[in-house]
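Visitor: Take a look at this one; I'll ask things after.
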Amino acid sequence: MKSDQTKEKILMVARDKFFQYGFRRVSIDEIAVELGISKKTFYQFYEGKDELVGQIVERMKREVKANMNGLLSQSDSFIDKLNKMMAFMGQTVSLVGSVFAQDLYKHKHETWKGIQDFRRKRITDTFSRLLAEGVSQGYLKKDMNHRIFIMAYLGAVENIMQPNVLSQESFSARDALQALVRMFFTGIMTETARKQFTKRGIAITDVISFKE
């Protein structure tokens, strides 16, 4: 196996295990055994779990940014883009898993802060573009204040999408994200847009590939 393929396979196996069990419950031995390599080979590519966690998170950020920009660049209507965005956001948080998020929240404070900063910027940029399109296409009310809308949505996300909060609730992160989008956006839609949005189910999009 070529060295670049080995490095990639290590990252993929680690990602899958970390997302399922959390990184604290997965050992380097387990990763090496699943790949059929020695720990010595593992350490030729990575210093340890901390480096794996960092690379997994950074790649996720790149994938999310690329996918969100791709959705916004499509020629779909505002309603279709909103549905696809909801589907993508739901798939992403489901893929990552609650255990991995809890480990990051509890044990990787700087990494978690970086995720929150990234989420804040992505929501601000994405919603700014989406709101402008919705108004120009006649789907959203013209008299709303975009900045207040985005700040209110960010506040709700940052208060609810915390592992310590979600662990006490019966709903999932995916349910919470999609419910927030529905509640916030339907409140500023025109009557015609609200009917169209209600009729259409959440679009099915490909789960992020997580590959360069």
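Following the order of the structure tokens, chains are lettered A, B, ..., residues in each are numbered from 1, and ligands are numbered from 1.
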If we count only C-alpha atoms and set the cut-off at 12 Å, which residues sit around Asn159 of chain A, ignoring sequence neighbours fewer than 6 positions away in its own chain? Please answer as number ranges by chain.
Guide: A: 116, 152-153, 165-166, 176-177, 180
Visitor: With only C-alpha atoms counted and 9 Å as the cut-off, give the residues of segment 104-164 of chain A in contact with segment 50-66 of chain A, each with its shortest interatomic distance in Å and the pair that gives it, as a tab-separated table.
Guide:
```
residue	atom	partner	partner_atom	distance
A:Leu104	CA	A:Val53	CA	8.9
A:Thr111	CA	A:Gly54	CA	7.6
A:Ile115	CA	A:Lys61	CA	8.0
A:Phe118	CA	A:Lys61	CA	7.5
A:Arg119	CA	A:Lys61	CA	8.8
A:Arg122	CA	A:Lys65	CA	7.2
```
Visitor: With distances taken over only C-alpha atoms, which of A:Gly36, A:Thr186, A:Ile31, A:Gln162 is nearest to Tyr105 of chain A?
Guide: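 Going through A:Gly36, A:Thr186, A:Ile31, A:Gln162 one by one, the smallest distance to Tyr105 of chain A is for A:Gln162.
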Visitor: What does the distance between atom CA of Ser172 of chain A and atom CA of Phe78 of chain A come to in Å, to one decimal place?
Guide: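 Going from atom CA of Ser172 of chain A over to atom CA of Phe78 of chain A covers 26.0 Å.
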Visitor: Write out as a VMD selection string all residues of segment 90-201 of chain A that DSSP puts in helix (DSSP H, G or I) for this structure's backbone.
Guide: chain A and resid 90 to 96 98 to 107 109 to 136 146 to 160 163 to 166 173 to 186 191 to 199
Visitor: For the atom pair atom CA of Leu72 of chain A and atom CA of Phe185 of chain A, what is the interatomic distance in Å to one decimal place?
Guide: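 Those two atoms sit 16.3 Å apart.
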Visitor: Point out the residue among A:His146, A:Lys141, A:Arg25, A:Arg182 with the least atom-to-atom distance to Arg129 of chain A, counting only C-alpha atoms.
Guide: A:His146
